[in-house]
file entry.pdb (PDB, C-alpha atoms)
ATOM      1  CA  MET A   1      -9.250  11.103  12.513  1.00  0.00           C
ATOM      2  CA  LYS A   2     -11.519   8.259  11.433  1.00  0.00           C
ATOM      3  CA  GLU A   3     -12.591   5.671  13.961  1.00  0.00           C
ATOM      4  CA  MET A   4     -10.053   2.935  14.590  1.00  0.00           C
ATOM      5  CA  PRO A   5     -10.703  -0.586  15.789  1.00  0.00           C
ATOM      6  CA  PRO A   6     -10.414  -1.088  19.548  1.00  0.00           C
ATOM      7  CA  PRO A   7      -6.834  -1.587  20.801  1.00  0.00           C
ATOM      8  CA  SER A   8      -6.286  -5.309  20.539  1.00  0.00           C
ATOM      9  CA  ALA A   9      -4.073  -7.597  18.551  1.00  0.00           C
ATOM     10  CA  PRO A  10      -5.018  -8.706  16.029  1.00  0.00           C
ATOM     11  CA  CYS A  11      -7.828  -6.309  15.212  1.00  0.00           C
ATOM     12  CA  GLY A  12      -8.872  -8.124  12.060  1.00  0.00           C
ATOM     13  CA  GLU A  13      -8.122 -11.040   9.809  1.00  0.00           C
ATOM     14  CA  PHE A  14      -9.461 -11.400   6.290  1.00  0.00           C
ATOM     15  CA  HIS A  15      -9.172 -14.293   3.837  1.00  0.00           C
ATOM     16  CA  ALA A  16      -9.731 -14.693   0.114  1.00  0.00           C
ATOM     17  CA  ARG A  17      -9.535 -17.896  -1.899  1.00  0.00           C
ATOM     18  CA  GLU A  18      -9.834 -18.702  -5.571  1.00  0.00           C
ATOM     19  CA  GLY A  19      -8.850 -22.179  -6.703  1.00  0.00           C
ATOM     20  CA  ARG A  20      -5.416 -23.034  -5.304  1.00  0.00           C
ATOM     21  CA  LEU A  21      -4.734 -19.393  -4.422  1.00  0.00           C
ATOM     22  CA  GLU A  22      -5.419 -18.189  -0.893  1.00  0.00           C
ATOM     23  CA  LEU A  23      -4.431 -14.862   0.687  1.00  0.00           C
ATOM     24  CA  ARG A  24      -4.670 -13.666   4.276  1.00  0.00           C
ATOM     25  CA  LEU A  25      -4.563 -10.050   5.468  1.00  0.00           C
ATOM     26  CA  SER A  26      -4.025  -9.707   9.225  1.00  0.00           C
ATOM     27  CA  LEU A  27      -4.270  -6.307  10.937  1.00  0.00           C
ATOM     28  CA  PHE A  28      -2.778  -5.223  14.251  1.00  0.00           C
ATOM     29  CA  ARG A  29      -3.080  -1.932  16.150  1.00  0.00           C
ATOM     30  CA  GLN A  30       0.148  -0.095  16.873  1.00  0.00           C
ATOM     31  CA  GLY A  31      -1.033   2.818  19.005  1.00  0.00           C
ATOM     32  CA  PRO A  32      -3.051   5.029  16.648  1.00  0.00           C
ATOM     33  CA  ASP A  33      -1.591   3.271  13.583  1.00  0.00           C
ATOM     34  CA  LEU A  34      -1.891  -0.126  11.897  1.00  0.00           C
ATOM     35  CA  HIS A  35       0.488  -2.901  10.946  1.00  0.00           C
ATOM     36  CA  ALA A  36      -0.631  -5.526   8.448  1.00  0.00           C
ATOM     37  CA  PHE A  37       0.643  -8.855   7.146  1.00  0.00           C
ATOM     38  CA  LEU A  38      -0.342  -9.933   3.632  1.00  0.00           C
ATOM     39  CA  CYS A  39       0.486 -13.615   3.146  1.00  0.00           C
ATOM     40  CA  GLY A  40      -0.240 -16.358   0.677  1.00  0.00           C
ATOM     41  CA  GLY A  41       1.194 -19.687  -0.378  1.00  0.00           C
ATOM     42  CA  GLU A  42       4.646 -20.097   1.115  1.00  0.00           C
ATOM     43  CA  SER A  43       4.740 -17.201   3.595  1.00  0.00           C
ATOM     44  CA  HIS A  44       7.869 -15.096   3.949  1.00  0.00           C
ATOM     45  CA  VAL A  45       8.808 -11.406   3.964  1.00  0.00           C
ATOM     46  CA  GLY A  46       9.335 -10.250   0.398  1.00  0.00           C
ATOM     47  CA  ALA A  47       8.462  -6.570   0.750  1.00  0.00           C
ATOM     48  CA  THR A  48       7.346  -3.960   3.234  1.00  0.00           C
ATOM     49  CA  ALA A  49       5.478  -0.735   2.547  1.00  0.00           C
ATOM     50  CA  LEU A  50       4.784   2.297   4.729  1.00  0.00           C
ATOM     51  CA  ALA A  51       2.005   4.766   3.923  1.00  0.00           C
ATOM     52  CA  ALA A  52       0.515   7.714   5.784  1.00  0.00           C
ATOM     53  CA  PRO A  53      -1.972  10.408   4.802  1.00  0.00           C
ATOM     54  CA  GLY A  54      -0.279  13.251   2.930  1.00  0.00           C
ATOM     55  CA  GLU A  55       3.002  11.355   2.531  1.00  0.00           C
ATOM     56  CA  ALA A  56       4.477   9.384  -0.342  1.00  0.00           C
ATOM     57  CA  THR A  57       4.212   5.617   0.088  1.00  0.00           C
ATOM     58  CA  GLN A  58       7.600   3.988   0.692  1.00  0.00           C
ATOM     59  CA  VAL A  59       8.266   0.423  -0.468  1.00  0.00           C
ATOM     60  CA  CYS A  60      11.229  -1.780   0.373  1.00  0.00           C
ATOM     61  CA  GLN A  61      11.408  -4.977  -1.671  1.00  0.00           C
ATOM     62  CA  ARG A  62      13.914  -7.821  -1.411  1.00  0.00           C
ATOM     63  CA  PRO A  63      15.848  -8.667  -4.587  1.00  0.00           C
ATOM     64  CA  GLY A  64      13.985 -11.219  -6.684  1.00  0.00           C
ATOM     65  CA  HIS A  65      10.648 -10.547  -4.997  1.00  0.00           C
ATOM     66  CA  ARG A  66       7.579  -8.924  -6.528  1.00  0.00           C
ATOM     67  CA  GLU A  67       5.270  -8.184  -3.599  1.00  0.00           C
ATOM     68  CA  GLY A  68       6.259  -4.517  -3.327  1.00  0.00           C
ATOM     69  CA  ALA A  69       3.465  -3.187  -5.515  1.00  0.00           C
ATOM     70  CA  LEU A  70       0.833  -5.159  -3.578  1.00  0.00           C
ATOM     71  CA  ALA A  71       2.250  -4.072  -0.212  1.00  0.00           C
ATOM     72  CA  GLY A  72       2.193  -0.441  -1.380  1.00  0.00           C
ATOM     73  CA  LEU A  73      -1.347  -0.691  -2.712  1.00  0.00           C
ATOM     74  CA  VAL A  74      -2.696  -2.197   0.522  1.00  0.00           C
ATOM     75  CA  ALA A  75      -0.752   0.235   2.744  1.00  0.00           C
ATOM     76  CA  ARG A  76      -1.995   3.279   0.798  1.00  0.00           C
ATOM     77  CA  ARG A  77      -5.635   2.104   0.809  1.00  0.00           C
ATOM     78  CA  LEU A  78      -5.635   1.394   4.560  1.00  0.00           C
ATOM     79  CA  ALA A  79      -3.852   4.682   5.357  1.00  0.00           C
ATOM     80  CA  GLU A  80      -6.522   6.581   3.429  1.00  0.00           C
ATOM     81  CA  ALA A  81      -9.394   4.641   5.009  1.00  0.00           C
ATOM     82  CA  PHE A  82      -8.200   4.875   8.613  1.00  0.00           C
ATOM     83  CA  ASP A  83      -6.365   8.236   8.353  1.00  0.00           C
ATOM     84  CA  CYS A  84      -3.234   6.861  10.018  1.00  0.00           C
ATOM     85  CA  ALA A  85       0.197   5.435   9.285  1.00  0.00           C
ATOM     86  CA  VAL A  86       0.108   1.854   7.999  1.00  0.00           C
ATOM     87  CA  SER A  87       2.909  -0.630   7.454  1.00  0.00           C
ATOM     88  CA  VAL A  88       2.340  -3.754   5.378  1.00  0.00           C
ATOM     89  CA  SER A  89       4.700  -6.727   5.257  1.00  0.00           C
ATOM     90  CA  ALA A  90       3.937  -8.952   2.282  1.00  0.00           C
ATOM     91  CA  GLY A  91       5.099 -12.450   1.458  1.00  0.00           C
ATOM     92  CA  ILE A  92       3.304 -14.368  -1.261  1.00  0.00           C
ATOM     93  CA  HIS A  93       4.725 -17.323  -3.160  1.00  0.00           C
ATOM     94  CA  PHE A  94       2.825 -19.883  -5.195  1.00  0.00           C
ATOM     95  CA  ARG A  95       4.927 -22.403  -7.103  1.00  0.00           C
ATOM     96  CA  SER A  96       4.596 -22.286 -10.885  1.00  0.00           C
ATOM     97  CA  ILE A  97       2.177 -19.356 -10.774  1.00  0.00           C
ATOM     98  CA  THR A  98       0.814 -18.291 -14.156  1.00  0.00           C
ATOM     99  CA  ARG A  99       0.237 -14.747 -15.419  1.00  0.00           C
ATOM    100  CA  ALA A 100      -3.510 -15.307 -15.070  1.00  0.00           C
ATOM    101  CA  GLU A 101      -3.029 -16.399 -11.446  1.00  0.00           C
ATOM    102  CA  ILE A 102      -0.861 -13.348 -10.739  1.00  0.00           C
ATOM    103  CA  ALA A 103      -3.758 -11.161 -11.903  1.00  0.00           C
ATOM    104  CA  ILE A 104      -6.067 -13.101  -9.565  1.00  0.00           C
ATOM    105  CA  VAL A 105      -3.680 -12.565  -6.621  1.00  0.00           C
ATOM    106  CA  GLU A 106      -3.547  -8.827  -7.408  1.00  0.00           C
ATOM    107  CA  ARG A 107      -7.354  -8.646  -7.511  1.00  0.00           C
ATOM    108  CA  MET A 108      -7.708 -10.648  -4.282  1.00  0.00           C
ATOM    109  CA  ALA A 109      -5.199  -8.401  -2.436  1.00  0.00           C
ATOM    110  CA  ALA A 110      -7.056  -5.261  -3.508  1.00  0.00           C
ATOM    111  CA  GLY A 111     -10.341  -6.876  -2.491  1.00  0.00           C
ATOM    112  CA  LEU A 112      -9.004  -7.782   0.946  1.00  0.00           C
ATOM    113  CA  ALA A 113      -7.904  -4.182   1.511  1.00  0.00           C
ATOM    114  CA  GLU A 114     -11.371  -2.955   0.558  1.00  0.00           C
ATOM    115  CA  ARG A 115     -13.143  -5.493   2.790  1.00  0.00           C
ATOM    116  CA  CYS A 116     -11.362  -4.313   5.926  1.00  0.00           C
ATOM    117  CA  CYS A 117     -11.932  -0.607   5.262  1.00  0.00           C
ATOM    118  CA  PRO A 118     -14.808   1.062   7.091  1.00  0.00           C
ATOM    119  CA  SER A 119     -17.659   2.257   4.954  1.00  0.00           C
ATOM    120  CA  PRO A 120     -19.533   5.485   5.793  1.00  0.00           C
ATOM    121  CA  ASN A 121     -22.411   3.363   7.117  1.00  0.00           C
ATOM    122  CA  THR A 122     -20.264   1.106   9.324  1.00  0.00           C
ATOM    123  CA  ARG A 123     -17.524   3.396  10.634  1.00  0.00           C
ATOM    124  CA  SER A 124     -18.779   3.143  14.188  1.00  0.00           C
ATOM    125  CA  SER A 125     -18.894  -0.669  14.115  1.00  0.00           C
ATOM    126  CA  GLY A 126     -15.373  -0.973  15.526  1.00  0.00           C
ATOM    127  CA  THR A 127     -14.235  -3.449  12.891  1.00  0.00           C
ATOM    128  CA  CYS A 128     -11.193  -3.160  10.653  1.00  0.00           C
TER
END
call {"tool": "encode", "arguments": {"input": "entry.pdb", "output": "structure tokens"}}
result
Amino acid sequence: MKEMPPPSAPCGEFHAREGRLELRLSLFRQGPDLHAFLCGGESHVGATALAAPGEATQVCQRPGHREGALAGLVARRLAEAFDCAVSVSAGIHFRSITRAEIAIVERMAAGLAERCCPSPNTRSSGTC
């Protein structure tokens, strides 16, 4: 199993901003596993995803919400990086968002997931 952050809550918080769009990814230890919140704009719970190594990612999305794909992407990436089960609750809502801004939000969410993953050179640093 890859090195996990020390047991504390939260174990990491990451931000990304581009223009009026801002996302936050907060990570919490849950025993050997991780729970994450992906929020932006008007925070709420729109979708939840659960991923674990060797298992299919499960996504539960509320009707009328579109965060499921992002929650699944972040959960899968973190599960692979930390070799553990990961749940992600996502709630992102920006009023009058454009298609171009949706693409930016998708890119920022993927970037946040990458930023908190350990690299081969920093795995022993104890950071998310």
call {"tool": "residues_near_point", "arguments": {"input": "entry.pdb", "point": "(-7.5, 2.2, 5.4)", "cutoff": "10 Å", "atoms": "all atoms listed in the file", "output": "count of residues only"}}
result
26
call {"tool": "atom_distance", "arguments": {"input": "entry.pdb", "atom1": "atom CA of His93 of chain A", "atom2": "atom CA of Ala110 of chain A"}}
result
16.9 Å
call {"tool": "closest_residue", "arguments": {"input": "entry.pdb", "among": "A:Gly64, A:Leu27, A:Gly41, A:Gly12", "to": "Ile97 of chain A", "atoms": "only C-alpha atoms"}}
result
A:Gly41
call {"tool": "closest_residue", "arguments": {"input": "entry.pdb", "among": "A:Leu70, A:Ile92, A:Ser43, A:Pro32", "to": "Arg107 of chain A", "atoms": "only C-alpha atoms"}}
result
A:Leu70
call {"tool": "atom_distance", "arguments": {"input": "entry.pdb", "atom1": "atom CA of Val88 of chain A", "atom2": "atom CA of Gly46 of chain A"}}
result
10.8 Å
call {"tool": "residues_around", "arguments": {"input": "entry.pdb", "residues": "Cys39 of chain A", "least_positions_apart": "2", "cutoff": "8 Å", "atoms": "only C-alpha atoms", "output": "list in words"}}
result
Leu23, Arg24, Leu25, Phe37, Gly41, Glu42, Ser43, His44, Ala90, Gly91 and Ile92 of chain A
call {"tool": "closest_atom_pairs", "arguments": {"input": "entry.pdb", "of": "segment 36-125 of chain A", "to": "segment 15-21 of chain A", "cutoff": "9 Å", "atoms": "all atoms listed in the file", "output": "Markdown table"}}
result
| residue | atom | partner | partner_atom | distance |
| --- | --- | --- | --- | --- |
| A:Gly40 | CA | A:Leu21 | CA | 7.4 |
| A:Gly41 | CA | A:Leu21 | CA | 7.2 |
| A:Phe94 | CA | A:Leu21 | CA | 7.6 |
| A:Glu101 | CA | A:Leu21 | CA | 7.8 |
| A:Ile104 | CA | A:Glu18 | CA | 7.8 |
| A:Val105 | CA | A:Leu21 | CA | 7.3 |
| A:Met108 | CA | A:Ala16 | CA | 6.3 |
| A:Ala109 | CA | A:Ala16 | CA | 8.2 |
| A:Gly111 | CA | A:Ala16 | CA | 8.3 |
| A:Leu112 | CA | A:Ala16 | CA | 7.0 |
call {"tool": "atom_distance", "arguments": {"input": "entry.pdb", "atom1": "atom CA of Glu22 of chain A", "atom2": "atom CA of Ala103 of chain A"}}
result
13.2 Å
call {"tool": "residues_around", "arguments": {"input": "entry.pdb", "residues": "Thr48 of chain A", "least_positions_apart": "2", "cutoff": "9 Å", "atoms": "all atoms listed in the file", "output": "PyMOL selection string"}}
result
chain A and resi 45-46+50+58-62+67-68+71-72+87-91
call {"tool": "build_atoms", "arguments": {"input": "entry.pdb", "residues": "segment 95-106 of chain A", "atoms": "all heavy atoms", "output": "compact mmCIF listing (two decimals), keeping the file's coordinate frame"}}
result
# COMPACT_ATOMS: atom_id res chain seq x y z
N ARG A 95 4.07 -21.74 -6.12
CA ARG A 95 4.93 -22.40 -7.10
C ARG A 95 4.25 -22.44 -8.47
O ARG A 95 3.06 -22.66 -8.57
CB ARG A 95 5.25 -23.82 -6.64
CG ARG A 95 6.14 -23.85 -5.42
CD ARG A 95 6.53 -25.27 -5.06
NE ARG A 95 7.22 -25.31 -3.79
CZ ARG A 95 8.55 -25.14 -3.67
NH1 ARG A 95 9.28 -24.94 -4.74
NH2 ARG A 95 9.10 -25.19 -2.47
N SER A 96 5.05 -22.20 -9.49
CA SER A 96 4.60 -22.29 -10.88
C SER A 96 3.36 -21.42 -11.15
O SER A 96 2.46 -21.82 -11.90
CB SER A 96 4.31 -23.74 -11.27
OG SER A 96 5.44 -24.55 -11.06
N ILE A 97 3.32 -20.24 -10.58
CA ILE A 97 2.18 -19.36 -10.77
C ILE A 97 2.16 -18.86 -12.22
O ILE A 97 3.21 -18.57 -12.81
CB ILE A 97 2.20 -18.19 -9.76
CG1 ILE A 97 0.85 -17.46 -9.76
CG2 ILE A 97 3.36 -17.26 -10.01
CD1 ILE A 97 0.67 -16.52 -8.58
N THR A 98 0.98 -18.77 -12.78
CA THR A 98 0.81 -18.29 -14.16
C THR A 98 0.51 -16.80 -14.14
O THR A 98 0.16 -16.22 -13.11
CB THR A 98 -0.34 -19.03 -14.86
OG1 THR A 98 -1.57 -18.68 -14.21
CG2 THR A 98 -0.13 -20.55 -14.81
N ARG A 99 0.58 -16.17 -15.31
CA ARG A 99 0.24 -14.75 -15.42
C ARG A 99 -1.22 -14.52 -15.03
O ARG A 99 -1.54 -13.53 -14.37
CB ARG A 99 0.49 -14.24 -16.83
CG ARG A 99 1.94 -14.07 -17.14
CD ARG A 99 2.13 -13.51 -18.56
NE ARG A 99 3.52 -13.58 -18.93
CZ ARG A 99 4.32 -12.53 -19.00
NH1 ARG A 99 3.85 -11.33 -18.72
NH2 ARG A 99 5.58 -12.66 -19.34
N ALA A 100 -2.10 -15.43 -15.43
CA ALA A 100 -3.51 -15.31 -15.07
C ALA A 100 -3.68 -15.39 -13.56
O ALA A 100 -4.48 -14.65 -12.97
CB ALA A 100 -4.34 -16.39 -15.77
N GLU A 101 -2.93 -16.27 -12.90
CA GLU A 101 -3.03 -16.40 -11.45
C GLU A 101 -2.45 -15.18 -10.74
O GLU A 101 -2.96 -14.76 -9.70
CB GLU A 101 -2.33 -17.67 -10.98
CG GLU A 101 -3.08 -18.94 -11.33
CD GLU A 101 -2.32 -20.19 -10.96
OE1 GLU A 101 -1.07 -20.23 -11.12
OE2 GLU A 101 -2.97 -21.15 -10.49
N ILE A 102 -1.41 -14.57 -11.31
CA ILE A 102 -0.86 -13.35 -10.74
C ILE A 102 -1.93 -12.26 -10.75
O ILE A 102 -2.11 -11.53 -9.76
CB ILE A 102 0.40 -12.89 -11.49
CG1 ILE A 102 1.55 -13.88 -11.22
CG2 ILE A 102 0.80 -11.47 -11.10
CD1 ILE A 102 2.77 -13.67 -12.10
N ALA A 103 -2.67 -12.15 -11.83
CA ALA A 103 -3.76 -11.16 -11.90
C ALA A 103 -4.82 -11.45 -10.84
O ALA A 103 -5.37 -10.53 -10.23
CB ALA A 103 -4.37 -11.16 -13.30
N ILE A 104 -5.10 -12.72 -10.60
CA ILE A 104 -6.07 -13.10 -9.56
C ILE A 104 -5.55 -12.69 -8.19
O ILE A 104 -6.30 -12.13 -7.38
CB ILE A 104 -6.37 -14.61 -9.62
CG1 ILE A 104 -7.14 -14.95 -10.91
CG2 ILE A 104 -7.17 -15.07 -8.40
CD1 ILE A 104 -7.22 -16.44 -11.21
N VAL A 105 -4.28 -12.95 -7.91
CA VAL A 105 -3.68 -12.56 -6.62
C VAL A 105 -3.77 -11.05 -6.44
O VAL A 105 -4.12 -10.56 -5.36
CB VAL A 105 -2.22 -13.06 -6.51
CG1 VAL A 105 -1.50 -12.40 -5.36
CG2 VAL A 105 -2.19 -14.58 -6.36
N GLU A 106 -3.46 -10.29 -7.49
CA GLU A 106 -3.55 -8.83 -7.41
C GLU A 106 -4.98 -8.38 -7.09
O GLU A 106 -5.19 -7.51 -6.25
CB GLU A 106 -3.06 -8.20 -8.72
CG GLU A 106 -1.58 -8.38 -8.94
CD GLU A 106 -1.12 -7.99 -10.33
OE1 GLU A 106 -1.96 -7.88 -11.25
OE2 GLU A 106 0.10 -7.81 -10.50
